[in-house]
$ cat start29.cif   # mmCIF, C-alpha atoms and all ligand atoms
data_target
loop_
_atom_site.label_atom_id
_atom_site.label_comp_id
_atom_site.auth_asym_id
_atom_site.auth_seq_id
_atom_site.Cartn_x
_atom_site.Cartn_y
_atom_site.Cartn_z
CA MET N 7 91.40 8.41 101.36
CA THR N 8 87.65 8.86 101.31
CA ALA N 9 85.85 6.56 103.68
CA GLU N 10 83.17 4.08 102.79
CA ILE N 11 79.96 5.28 104.44
CA ILE N 12 78.42 2.54 106.60
CA ASP N 13 74.70 2.69 105.87
CA GLY N 14 72.97 2.06 109.20
CA ARG N 15 69.52 2.38 107.67
CA ALA N 16 70.20 -0.47 105.25
CA VAL N 17 71.80 -2.69 107.91
CA ALA N 18 68.90 -2.01 110.29
CA GLN N 19 66.42 -2.84 107.53
CA ASP N 20 68.18 -6.14 106.97
CA VAL N 21 67.97 -6.99 110.70
CA ARG N 22 64.28 -6.03 110.78
CA GLY N 23 63.63 -8.23 107.75
CA ARG N 24 65.34 -11.20 109.42
CA VAL N 25 63.36 -10.64 112.64
CA ALA N 26 60.10 -10.42 110.64
CA ALA N 27 60.93 -13.68 108.84
CA ALA N 28 61.75 -15.45 112.13
CA VAL N 29 58.53 -14.18 113.75
CA ALA N 30 56.50 -15.33 110.73
CA ALA N 31 58.17 -18.77 110.86
CA ARG N 32 57.44 -19.04 114.60
CA VAL N 33 53.76 -18.20 114.05
CA ALA N 34 53.52 -20.58 111.07
CA GLU N 35 54.74 -23.35 113.38
CA GLY N 36 51.89 -22.57 115.80
CA GLY N 37 53.82 -20.34 118.19
CA ARG N 38 52.67 -17.04 119.65
CA PRO N 39 54.03 -13.81 118.17
CA PRO N 40 56.51 -12.27 120.64
CA GLY N 41 54.91 -9.77 123.04
CA LEU N 42 56.81 -6.64 124.06
CA ALA N 43 55.49 -4.41 126.85
CA THR N 44 56.56 -0.77 126.87
CA VAL N 45 56.25 1.39 129.97
CA LEU N 46 56.37 5.15 129.49
CA VAL N 47 56.29 7.48 132.48
CA GLY N 48 55.80 11.24 132.24
CA ASP N 49 55.54 13.63 129.32
CA ASP N 50 59.07 13.98 127.96
CA PRO N 51 58.45 14.59 124.22
CA ALA N 52 61.59 12.73 123.08
CA SER N 53 60.64 9.65 125.13
CA HIS N 54 57.15 9.69 123.60
CA VAL N 55 58.66 9.77 120.09
CA TYR N 56 61.11 6.96 120.91
CA VAL N 57 58.39 4.71 122.32
CA ALA N 58 56.02 5.45 119.42
CA ASN N 59 58.79 4.49 116.99
CA LYS N 60 59.50 1.28 118.90
CA ARG N 61 55.82 0.29 118.90
CA LYS N 62 55.49 1.03 115.17
CA ALA N 63 58.59 -1.06 114.47
CA CYS N 64 57.13 -3.96 116.52
CA LYS N 65 53.97 -3.89 114.45
CA GLU N 66 55.93 -3.94 111.20
CA VAL N 67 57.73 -7.18 112.11
CA GLY N 68 54.73 -8.93 113.70
CA ILE N 69 55.68 -8.39 117.36
CA ARG N 70 52.69 -7.73 119.64
CA SER N 71 53.09 -4.40 121.42
CA LEU N 72 51.45 -3.79 124.82
CA HIS N 73 51.75 -0.25 126.04
CA HIS N 74 51.41 1.31 129.49
CA GLU N 75 51.54 5.07 129.91
CA LEU N 76 51.63 6.71 133.32
CA GLY N 77 51.80 10.30 134.54
CA ALA N 78 55.04 11.65 136.01
CA ASP N 79 53.25 11.84 139.39
CA VAL N 80 52.48 8.09 139.49
CA ALA N 81 53.29 6.63 142.89
CA ARG N 82 56.57 4.73 142.95
CA GLU N 83 54.80 1.65 144.41
CA GLU N 84 52.25 1.65 141.57
CA LEU N 85 55.02 1.60 138.99
CA VAL N 86 56.88 -1.17 140.80
CA THR N 87 53.65 -3.17 141.00
CA LEU N 88 52.94 -2.72 137.27
CA VAL N 89 56.41 -3.88 136.23
CA GLY N 90 56.13 -6.84 138.63
CA GLU N 91 52.80 -7.83 137.06
CA LEU N 92 54.23 -7.60 133.54
CA ASP N 93 57.13 -9.73 134.69
CA ARG N 94 54.78 -12.46 135.93
CA ASP N 95 52.48 -12.26 132.87
CA PRO N 96 53.29 -15.28 130.67
CA SER N 97 52.01 -13.50 127.53
CA VAL N 98 54.64 -10.77 127.97
CA ASP N 99 58.02 -11.85 126.61
CA GLY N 100 59.95 -8.62 126.97
CA ILE N 101 59.63 -5.46 129.08
CA LEU N 102 61.03 -2.09 128.13
CA VAL N 103 60.92 0.76 130.64
CA GLN N 104 61.70 3.93 128.70
CA LEU N 105 64.52 5.84 130.39
CA PRO N 106 65.16 8.37 131.77
CA LEU N 107 62.37 8.22 134.34
CA PRO N 108 61.04 11.50 135.76
CA ALA N 109 62.69 12.84 138.92
CA GLY N 110 61.73 10.93 142.04
CA HIS N 111 61.73 7.49 140.41
CA ASP N 112 64.54 5.02 140.89
CA SER N 113 65.35 3.31 137.58
CA ASP N 114 67.67 0.76 139.23
CA GLN N 115 64.90 -0.32 141.59
CA LEU N 116 62.44 -0.63 138.71
CA LEU N 117 64.82 -2.53 136.43
CA GLY N 118 65.42 -4.84 139.39
CA GLN N 119 61.78 -6.01 138.99
CA ILE N 120 62.48 -7.33 135.48
CA SER N 121 63.61 -10.94 135.04
CA PRO N 122 66.82 -11.18 132.99
CA ARG N 123 65.02 -13.21 130.30
CA LYS N 124 62.50 -10.35 129.79
CA ASP N 125 65.16 -7.61 129.94
CA VAL N 126 65.14 -6.59 126.26
CA ASP N 127 67.30 -3.53 127.02
CA GLY N 128 70.02 -5.75 128.50
CA LEU N 129 70.40 -3.35 131.41
CA THR N 130 69.62 -5.49 134.46
CA PRO N 131 72.63 -6.39 136.62
CA ILE N 132 72.45 -10.07 135.62
CA ASN N 133 72.61 -9.45 131.87
CA ALA N 134 75.17 -6.63 132.24
CA GLY N 135 77.19 -8.90 134.56
CA LEU N 136 77.09 -11.90 132.20
CA LEU N 137 78.43 -9.63 129.45
CA ALA N 138 81.10 -8.12 131.70
CA GLN N 139 82.22 -11.63 132.72
CA GLY N 140 82.42 -12.80 129.12
CA LYS N 141 79.68 -15.40 129.70
CA ILE N 142 77.69 -13.84 126.86
CA GLY N 143 79.19 -11.96 123.95
CA VAL N 144 79.01 -11.26 120.25
CA ALA N 145 77.05 -14.41 119.36
CA GLU N 146 74.31 -13.56 121.87
CA ALA N 147 74.27 -9.97 120.58
CA LEU N 148 73.93 -10.88 116.89
CA GLU N 149 72.52 -14.42 116.58
CA LEU N 150 69.01 -14.48 115.12
CA GLU N 151 68.54 -17.85 113.50
CA SER N 152 68.86 -20.24 116.46
CA PRO N 153 65.48 -21.23 118.00
CA ASP N 154 67.21 -21.94 121.32
CA PRO N 155 66.75 -19.56 124.26
CA PRO N 156 69.71 -17.16 124.54
CA ALA N 157 72.11 -17.32 127.48
CA GLY N 158 71.42 -13.62 128.08
CA LEU N 159 70.31 -10.40 126.42
CA VAL N 160 72.76 -7.69 125.33
CA ALA N 161 72.08 -3.93 125.33
CA CYS N 162 70.67 -2.74 122.00
CA THR N 163 72.90 0.16 120.95
CA PRO N 164 76.18 -1.73 121.61
CA SER N 165 74.78 -4.76 119.72
CA GLY N 166 73.89 -2.42 116.87
CA VAL N 167 77.47 -1.14 116.77
CA MET N 168 78.77 -4.73 116.61
CA GLU N 169 76.42 -5.53 113.72
CA LEU N 170 77.66 -2.45 111.83
CA LEU N 171 81.25 -3.55 112.43
CA ARG N 172 80.41 -7.07 111.25
CA VAL N 173 78.74 -5.85 108.07
CA SER N 174 81.51 -3.35 107.34
CA GLY N 175 84.03 -6.22 107.48
CA ALA N 176 86.21 -4.51 110.10
CA GLN N 177 88.95 -6.79 111.43
CA LEU N 178 88.39 -6.91 115.21
CA GLU N 179 90.62 -9.76 116.38
CA GLY N 180 94.02 -8.35 117.26
CA SER N 181 92.95 -4.79 116.50
CA GLU N 182 93.30 -1.75 118.75
CA ALA N 183 89.78 -0.59 119.62
CA VAL N 184 89.26 2.73 121.38
CA ILE N 185 85.89 3.75 122.84
CA VAL N 186 85.34 7.33 123.96
CA GLY N 187 82.67 7.20 126.70
CA ARG N 188 82.13 4.74 129.57
CA SER N 189 78.36 4.84 130.11
CA THR N 190 76.39 1.85 131.36
CA LEU N 191 74.21 2.11 128.26
CA VAL N 192 76.93 2.22 125.59
CA GLY N 193 80.63 2.47 126.45
CA ARG N 194 80.93 -0.30 129.06
CA PRO N 195 78.91 -2.99 127.26
CA LEU N 196 80.73 -2.15 124.03
CA ALA N 197 84.08 -2.62 125.75
CA SER N 198 82.96 -6.12 126.80
CA LEU N 199 81.73 -6.97 123.30
CA LEU N 200 84.93 -5.80 121.65
CA LEU N 201 86.98 -7.77 124.19
CA ALA N 202 84.83 -10.79 123.39
CA ALA N 203 85.74 -10.21 119.74
CA ASN N 204 89.43 -10.34 120.75
CA ALA N 205 90.19 -6.66 120.19
CA THR N 206 92.57 -4.85 122.54
CA VAL N 207 90.25 -2.32 124.13
CA THR N 208 90.91 1.13 125.61
CA VAL N 209 88.08 3.18 127.10
CA CYS N 210 88.46 6.97 127.31
CA HIS N 211 86.35 9.30 129.48
CA SER N 212 86.30 12.83 130.80
CA ARG N 213 89.45 12.29 132.90
CA THR N 214 91.55 10.65 130.19
CA ALA N 215 94.86 12.50 129.99
CA ASP N 216 95.43 12.50 126.24
CA ILE N 217 92.37 11.49 124.24
CA ALA N 218 93.89 12.61 120.94
CA ALA N 219 96.93 10.32 121.28
CA THR N 220 94.76 7.41 122.46
CA CYS N 221 92.34 7.77 119.55
CA ALA N 222 95.24 7.99 117.11
CA ARG N 223 96.14 4.36 118.00
CA ALA N 224 92.68 3.06 117.12
CA ASP N 225 92.04 0.68 114.25
CA VAL N 226 88.42 0.81 115.42
CA LEU N 227 87.32 4.10 116.98
CA ILE N 228 83.94 4.45 118.63
CA ALA N 229 82.60 7.72 120.01
CA ALA N 230 79.74 7.63 122.56
CA VAL N 231 80.15 10.91 124.38
CA GLY N 232 77.28 13.31 123.77
CA VAL N 233 79.59 16.24 122.88
CA PRO N 234 79.20 17.50 119.30
CA GLU N 235 82.27 16.72 117.17
CA LEU N 236 84.51 16.10 120.17
CA VAL N 237 86.54 13.57 118.17
CA ARG N 238 88.56 15.55 115.64
CA GLY N 239 89.36 14.31 112.19
CA GLU N 240 93.09 14.61 112.82
CA TRP N 241 92.80 12.12 115.73
CA VAL N 242 91.69 9.39 113.33
CA LYS N 243 94.34 6.86 112.30
CA PRO N 244 94.42 6.60 108.49
CA GLY N 245 92.47 3.49 107.48
CA ALA N 246 90.52 3.22 110.75
CA THR N 247 86.86 2.24 111.06
CA VAL N 248 84.95 4.99 112.87
CA ILE N 249 81.56 4.45 114.54
CA ASP N 250 79.77 7.54 115.82
CA VAL N 251 77.10 6.78 118.43
CA GLY N 252 76.51 10.43 119.34
CA ILE N 253 73.25 12.19 118.62
CA ASN N 254 73.47 15.90 119.36
CA ARG N 255 70.80 18.45 118.47
CA THR N 256 72.54 21.69 117.48
CA GLU N 257 71.55 24.82 115.55
CA ALA N 258 73.14 23.17 112.53
CA GLY N 259 70.85 20.13 112.95
CA LEU N 260 71.74 16.64 114.20
CA VAL N 261 75.47 16.07 114.56
CA GLY N 262 77.51 13.23 115.95
CA ASP N 263 80.41 13.10 118.38
CA VAL N 264 82.89 12.90 115.48
CA GLU N 265 83.93 15.71 113.14
CA PHE N 266 82.54 13.90 110.12
CA ASP N 267 84.15 15.45 107.01
CA SER N 268 87.72 15.49 108.28
CA ALA N 269 87.35 12.03 109.85
CA ALA N 270 85.91 10.62 106.60
CA ALA N 271 88.92 11.96 104.75
CA ARG N 272 91.21 9.66 106.81
CA ALA N 273 89.04 6.67 107.78
CA ALA N 274 88.47 3.53 105.72
CA ALA N 275 84.84 3.40 106.83
CA ILE N 276 82.63 5.65 108.94
CA THR N 277 79.02 5.90 110.12
CA PRO N 278 77.06 9.09 109.36
CA VAL N 279 74.79 10.93 111.81
CA PRO N 280 71.91 10.55 111.22
CA GLY N 281 71.64 7.22 109.41
CA GLY N 282 74.40 5.30 111.20
CA VAL N 283 74.02 3.82 114.68
CA GLY N 284 70.62 5.47 115.33
CA PRO N 285 68.48 3.09 113.23
CA MET N 286 70.30 0.06 114.67
CA THR N 287 69.05 0.49 118.23
CA ILE N 288 65.39 -0.24 117.44
CA ALA N 289 66.35 -3.07 115.08
CA MET N 290 68.35 -4.76 117.86
CA LEU N 291 65.46 -4.20 120.29
CA LEU N 292 63.18 -6.17 117.94
CA ALA N 293 65.81 -8.89 117.79
CA ASN N 294 65.94 -9.00 121.61
CA ALA N 295 62.13 -9.26 121.79
CA LEU N 296 62.32 -12.30 119.49
CA ARG N 297 65.08 -13.85 121.63
CA ALA N 298 63.07 -13.12 124.80
CA ALA N 299 60.10 -14.99 123.30
CA ARG N 300 62.40 -17.97 122.65
CA ALA N 301 63.38 -17.86 126.33
CA ASN N 302 59.73 -17.83 127.48
CA ARG N 303 58.84 -21.44 128.23
CA SER N 304 55.44 -20.68 129.73
CA ASP N 305 53.30 -21.41 126.61
P1 LIG V 401 76.51 9.48 128.91
O1 LIG V 401 75.85 8.51 129.81
O2 LIG V 401 76.31 10.95 129.15
O3 LIG V 401 78.07 9.18 128.92
C1 LIG V 401 78.96 10.01 128.24
C2 LIG V 401 80.37 9.51 128.42
O4 LIG V 401 81.22 10.40 127.71
C3 LIG V 401 80.84 9.47 129.87
O5 LIG V 401 81.58 8.31 130.11
C4 LIG V 401 81.72 10.71 129.97
O6 LIG V 401 82.82 10.57 130.83
C5 LIG V 401 82.26 10.84 128.57
N1 LIG V 401 82.60 12.23 128.28
C6 LIG V 401 81.81 13.33 128.42
N2 LIG V 401 82.48 14.44 128.05
C7 LIG V 401 83.71 14.02 127.67
C8 LIG V 401 84.86 14.69 127.20
N3 LIG V 401 84.89 16.02 127.04
N4 LIG V 401 85.95 13.95 126.92
C9 LIG V 401 85.93 12.61 127.08
N5 LIG V 401 84.87 11.91 127.51
C10 LIG V 401 83.78 12.62 127.82
O7 LIG V 401 76.09 9.25 127.40
P2 LIG V 401 75.56 7.93 126.60
O8 LIG V 401 74.24 7.54 127.10
O9 LIG V 401 76.65 6.91 126.53
O10 LIG V 401 75.38 8.57 125.17
C11 LIG V 401 76.48 9.11 124.43
C12 LIG V 401 75.97 9.69 123.13
O11 LIG V 401 75.36 8.63 122.38
C13 LIG V 401 74.87 10.75 123.27
O12 LIG V 401 75.02 11.68 122.21
C14 LIG V 401 73.59 9.97 123.10
O13 LIG V 401 72.53 10.78 122.60
C15 LIG V 401 74.02 8.96 122.06
N6 LIG V 401 73.25 7.72 122.08
C16 LIG V 401 72.78 7.28 120.88
C17 LIG V 401 72.07 6.11 120.83
C18 LIG V 401 71.59 5.65 119.51
O14 LIG V 401 70.62 4.91 119.42
N7 LIG V 401 72.29 6.01 118.44
C19 LIG V 401 71.81 5.37 121.98
C20 LIG V 401 72.34 5.82 123.19
C21 LIG V 401 73.07 7.00 123.23
P3 LIG V 401 82.70 10.40 132.45
O15 LIG V 401 82.24 8.99 132.64
O16 LIG V 401 84.08 10.66 132.91
O17 LIG V 401 81.67 11.42 132.88
#
$ encode --input "start29.cif" --output "C-alpha cells" --more "lines below"
Ligand code: NAP
Amino acid sequence: MTAEIIDGRAVAQDVRGRVAAAVAARVAEGGRPPGLATVLVGDDPASHVYVANKRKACKEVGIRSLHHELGADVAREELVTLVGELDRDPSVDGILVQLPLPAGHDSDQLLGQISPRKDVDGLTPINAGLLAQGKIGVAEALELESPDPPAGLVACTPSGVMELLRVSGAQLEGSEAVIVGRSTLVGRPLASLLLAANATVTVCHSRTADIAATCARADVLIAAVGVPELVRGEWVKPGATVIDVGINRTEAGLVGDVEFDSAAARAAAITPVPGGVGPMTIAMLLANALRAARANRSD
C-alpha cells in the first residue's frame, strides 16, 4: 500500500479562502473587519517569525492586525496591564499572546487576563474546560458559516488536525484513535475532539509501557511528541490514517515525529512534514479570529 498524502497546504488554503469570504461578507453587510491583537515578548527568533506569519495571514484575509512588541525585561505588571486593556478594548476581537514567554513571566497568569470569547488560541481554562467536558467539540472547531457567536473557541493545532481528518474522509466514529503526546496545546485537546467525534481514544506519553503495541491498534494515529521519527513505520496498522504534528529541526532538515517513508508504505493516508499540520495552525487561528468577532457584541 502507498498512502494518499494529505495536502495540508491545500486544505489550509481552502480554510483561508472561506475565512476571507466570510470576512468580506461581514464587511459588505456593514460590520467591522475582525481585529486580532498579537502580543510578542522578547527576542526569540522563531516567535518573531511565527507572529510575522500570523500577521501577514490576517492581512491576506481582511482581518485587522494590531501588534504589541515588548522587551524580555518588561515588568510583569506592565504585561498584565496591556493584556487587560486589550481585553477591555471593544475594537479588539481576539488576543494572541505568543508562547513561550521569556523566563520570569507566568503564561497562566497572563492567559487568565483574556476573556474566553477573545481567547483565539483556545488555551484559557474556560475554553479548555468546555472542550474537556464535551460542551464544545468538532462543530465549534470547524464551523465557519454560522453567523452566531460560538459556544467556545478550540485550540488551533488540534482543530487543524480535525479538519485534515475531515477532508481525508477518515472514519472516526467507532474507530480506535491513538494520540502520542499529552500536551495542553495538542494531545489533550485532540483527545477531547476525537472523543467528541465518537472515536475510542488512547493517549500515550513518556511513561506508556508499550507504545508500539498501542499504536498498532490505531485506525487513526496522531503523533505530537517532538521527537524525530519516534513513531516507526512498523507500528502503523495497515490502512491507518496517520497525522504527524511534529516539527523537528535536524541536520537532515525538518522532520516529523513519524518515520515517513515506512509509515507511508502501510498507511492509507498520511500527512507530510512540512506541508501537513503546520499550515493548518495559522488557518484555524484566522477562523477563530472570525468566530471571536461574531462573539463580540460591543459594536
Ligand atoms: P510537548 O508539550 O513537549 O509534549 C510532548 C508530549 O510527548 C508529552 O506528553 C510527552 O510525554 C510526550 N513524549 C515525549 N517523549 C516521548 C517519548 N519518548 N515517548 C512517548 N511520549 C513522549 O510538545 P507539543 O507542544 O505537544 O508539541 C509536540 C510536537 O508538535 C513538537 O514537535 C512541536 O514542534 C509540534 N507542534 C507543531 C505544531 C504545528 O503547528 N504543526 C503546533 C504545536 C506543536 P510526558 O507528558 O510524559 O512528558
$ residues_near_point --input "start29.cif" --point "(88.9, 5.1, 102.9)" --cutoff "10 Å" --atoms "all atoms listed in the file" --output "PDB file with C-alpha atoms, in the coordinates of the input"
ATOM      1  CA  MET N   7      91.400   8.410 101.360  1.00  0.00           C
ATOM      2  CA  THR N   8      87.650   8.860 101.310  1.00  0.00           C
ATOM      3  CA  ALA N   9      85.850   6.560 103.680  1.00  0.00           C
ATOM      4  CA  GLU N  10      83.170   4.080 102.790  1.00  0.00           C
ATOM      5  CA  ILE N  11      79.960   5.280 104.440  1.00  0.00           C
ATOM      6  CA  PRO N 244      94.420   6.600 108.490  1.00  0.00           C
ATOM      7  CA  GLY N 245      92.470   3.490 107.480  1.00  0.00           C
ATOM      8  CA  ALA N 246      90.520   3.220 110.750  1.00  0.00           C
ATOM      9  CA  THR N 247      86.860   2.240 111.060  1.00  0.00           C
ATOM     10  CA  ALA N 269      87.350  12.030 109.850  1.00  0.00           C
ATOM     11  CA  ALA N 270      85.910  10.620 106.600  1.00  0.00           C
ATOM     12  CA  ALA N 271      88.920  11.960 104.750  1.00  0.00           C
ATOM     13  CA  ARG N 272      91.210   9.660 106.810  1.00  0.00           C
ATOM     14  CA  ALA N 273      89.040   6.670 107.780  1.00  0.00           C
ATOM     15  CA  ALA N 274      88.470   3.530 105.720  1.00  0.00           C
ATOM     16  CA  ALA N 275      84.840   3.400 106.830  1.00  0.00           C
ATOM     17  CA  ILE N 276      82.630   5.650 108.940  1.00  0.00           C
TER      18      ILE N 276
END
$ residues_around --input "start29.cif" --residues "Gly232 in chain N" --least-positions-apart "6" --cutoff "7 Å" --atoms "all atoms listed in the file" --output "list in words"
Gly252, Ile253, Asn254 and Asp263 of chain N
$ residues_near_ligand --input "start29.cif" --ligand "ligand LIG 401 (chain V)" --cutoff "6 Å" --atoms "all atoms listed in the file" --output "ChimeraX atom specification"
/N:163,186-189,191-193,211-213,230-232,251-254,283-284,287
$ write_last_selection --input "start29.cif" --atoms "C-alpha atoms" --output "compact mmCIF listing (two decimals), in the frame of the given file"
# COMPACT_ATOMS: atom_id res chain seq x y z
CA THR N 163 72.90 0.16 120.95
CA VAL N 186 85.34 7.33 123.96
CA GLY N 187 82.67 7.20 126.70
CA ARG N 188 82.13 4.74 129.57
CA SER N 189 78.36 4.84 130.11
CA LEU N 191 74.21 2.11 128.26
CA VAL N 192 76.93 2.22 125.59
CA GLY N 193 80.63 2.47 126.45
CA HIS N 211 86.35 9.30 129.48
CA SER N 212 86.30 12.83 130.80
CA ARG N 213 89.45 12.29 132.90
CA ALA N 230 79.74 7.63 122.56
CA VAL N 231 80.15 10.91 124.38
CA GLY N 232 77.28 13.31 123.77
CA VAL N 251 77.10 6.78 118.43
CA GLY N 252 76.51 10.43 119.34
CA ILE N 253 73.25 12.19 118.62
CA ASN N 254 73.47 15.90 119.36
CA VAL N 283 74.02 3.82 114.68
CA GLY N 284 70.62 5.47 115.33
CA THR N 287 69.05 0.49 118.23
$ atom_distance --input "start29.cif" --atom1 "CA of Glu149 in chain N" --atom2 "CA of Asp20 in chain N"
13.4 Å
$ atom_distance --input "start29.cif" --atom1 "CA of Leu105 in chain N" --atom2 "CA of Gly68 in chain N"
24.3 Å
$ closest_residue --input "start29.cif" --among "N:Ser268, N:Leu159, N:Ile249, N:Gly281" --to "Gln19 in chain N" --atoms "all atoms listed in the file"
N:Gly281
$ decode --input "start29.cif" --residues "range 118-134 of chain N" --atoms "N, CA, C and O atoms" --output "PDB file, in the first residue's frame"
ATOM      1  N   GLY N 118      -4.904  34.173  31.944  1.00  0.00           N
ATOM      2  CA  GLY N 118      -6.043  34.389  32.833  1.00  0.00           C
ATOM      3  C   GLY N 118      -6.676  35.768  32.658  1.00  0.00           C
ATOM      4  O   GLY N 118      -7.809  36.000  33.089  1.00  0.00           O
ATOM      5  N   GLN N 119      -5.947  36.705  32.044  1.00  0.00           N
ATOM      6  CA  GLN N 119      -6.474  38.060  31.795  1.00  0.00           C
ATOM      7  C   GLN N 119      -7.380  38.091  30.571  1.00  0.00           C
ATOM      8  O   GLN N 119      -8.024  39.102  30.309  1.00  0.00           O
ATOM      9  N   ILE N 120      -7.345  37.030  29.762  1.00  0.00           N
ATOM     10  CA  ILE N 120      -8.061  37.045  28.480  1.00  0.00           C
ATOM     11  C   ILE N 120      -9.450  36.435  28.660  1.00  0.00           C
ATOM     12  O   ILE N 120      -9.587  35.315  29.170  1.00  0.00           O
ATOM     13  N   SER N 121     -10.484  37.176  28.221  1.00  0.00           N
ATOM     14  CA  SER N 121     -11.839  36.628  28.275  1.00  0.00           C
ATOM     15  C   SER N 121     -11.931  35.431  27.341  1.00  0.00           C
ATOM     16  O   SER N 121     -11.340  35.459  26.251  1.00  0.00           O
ATOM     17  N   PRO N 122     -12.696  34.412  27.703  1.00  0.00           N
ATOM     18  CA  PRO N 122     -12.816  33.231  26.837  1.00  0.00           C
ATOM     19  C   PRO N 122     -13.215  33.582  25.400  1.00  0.00           C
ATOM     20  O   PRO N 122     -12.717  32.990  24.455  1.00  0.00           O
ATOM     21  N   ARG N 123     -14.088  34.616  25.244  1.00  0.00           N
ATOM     22  CA  ARG N 123     -14.552  34.919  23.881  1.00  0.00           C
ATOM     23  C   ARG N 123     -13.460  35.567  23.032  1.00  0.00           C
ATOM     24  O   ARG N 123     -13.579  35.629  21.817  1.00  0.00           O
ATOM     25  N   LYS N 124     -12.384  36.072  23.664  1.00  0.00           N
ATOM     26  CA  LYS N 124     -11.265  36.662  22.908  1.00  0.00           C
ATOM     27  C   LYS N 124     -10.070  35.705  22.811  1.00  0.00           C
ATOM     28  O   LYS N 124      -9.043  36.048  22.240  1.00  0.00           O
ATOM     29  N   ASP N 125     -10.223  34.521  23.366  1.00  0.00           N
ATOM     30  CA  ASP N 125      -9.119  33.562  23.512  1.00  0.00           C
ATOM     31  C   ASP N 125      -8.946  32.738  22.226  1.00  0.00           C
ATOM     32  O   ASP N 125      -9.338  31.572  22.152  1.00  0.00           O
ATOM     33  N   VAL N 126      -8.360  33.380  21.195  1.00  0.00           N
ATOM     34  CA  VAL N 126      -8.273  32.730  19.880  1.00  0.00           C
ATOM     35  C   VAL N 126      -7.355  31.506  19.873  1.00  0.00           C
ATOM     36  O   VAL N 126      -7.404  30.710  18.934  1.00  0.00           O
ATOM     37  N   ASP N 127      -6.519  31.356  20.902  1.00  0.00           N
ATOM     38  CA  ASP N 127      -5.686  30.151  20.995  1.00  0.00           C
ATOM     39  C   ASP N 127      -6.420  29.011  21.703  1.00  0.00           C
ATOM     40  O   ASP N 127      -5.904  27.886  21.756  1.00  0.00           O
ATOM     41  N   GLY N 128      -7.568  29.296  22.279  1.00  0.00           N
ATOM     42  CA  GLY N 128      -8.344  28.251  22.958  1.00  0.00           C
ATOM     43  C   GLY N 128      -7.633  27.658  24.165  1.00  0.00           C
ATOM     44  O   GLY N 128      -7.865  26.503  24.521  1.00  0.00           O
ATOM     45  N   LEU N 129      -6.785  28.450  24.810  1.00  0.00           N
ATOM     46  CA  LEU N 129      -5.944  27.892  25.873  1.00  0.00           C
ATOM     47  C   LEU N 129      -6.357  28.302  27.279  1.00  0.00           C
ATOM     48  O   LEU N 129      -5.779  27.823  28.253  1.00  0.00           O
ATOM     49  N   THR N 130      -7.359  29.219  27.385  1.00  0.00           N
ATOM     50  CA  THR N 130      -7.753  29.614  28.742  1.00  0.00           C
ATOM     51  C   THR N 130      -8.508  28.454  29.400  1.00  0.00           C
ATOM     52  O   THR N 130      -9.090  27.601  28.718  1.00  0.00           O
ATOM     53  N   PRO N 131      -8.493  28.409  30.727  1.00  0.00           N
ATOM     54  CA  PRO N 131      -9.142  27.280  31.422  1.00  0.00           C
ATOM     55  C   PRO N 131     -10.608  27.096  31.031  1.00  0.00           C
ATOM     56  O   PRO N 131     -11.077  25.965  30.969  1.00  0.00           O
ATOM     57  N   ILE N 132     -11.332  28.199  30.766  1.00  0.00           N
ATOM     58  CA  ILE N 132     -12.751  28.046  30.428  1.00  0.00           C
ATOM     59  C   ILE N 132     -12.898  27.310  29.088  1.00  0.00           C
ATOM     60  O   ILE N 132     -13.644  26.323  28.989  1.00  0.00           O
ATOM     61  N   ASN N 133     -12.204  27.769  28.062  1.00  0.00           N
ATOM     62  CA  ASN N 133     -12.339  27.101  26.763  1.00  0.00           C
ATOM     63  C   ASN N 133     -11.805  25.665  26.809  1.00  0.00           C
ATOM     64  O   ASN N 133     -12.429  24.743  26.267  1.00  0.00           O
ATOM     65  N   ALA N 134     -10.634  25.481  27.451  1.00  0.00           N
ATOM     66  CA  ALA N 134     -10.087  24.121  27.569  1.00  0.00           C
ATOM     67  C   ALA N 134     -11.046  23.234  28.361  1.00  0.00           C
ATOM     68  O   ALA N 134     -11.243  22.057  28.030  1.00  0.00           O
TER      69      ALA N 134
END
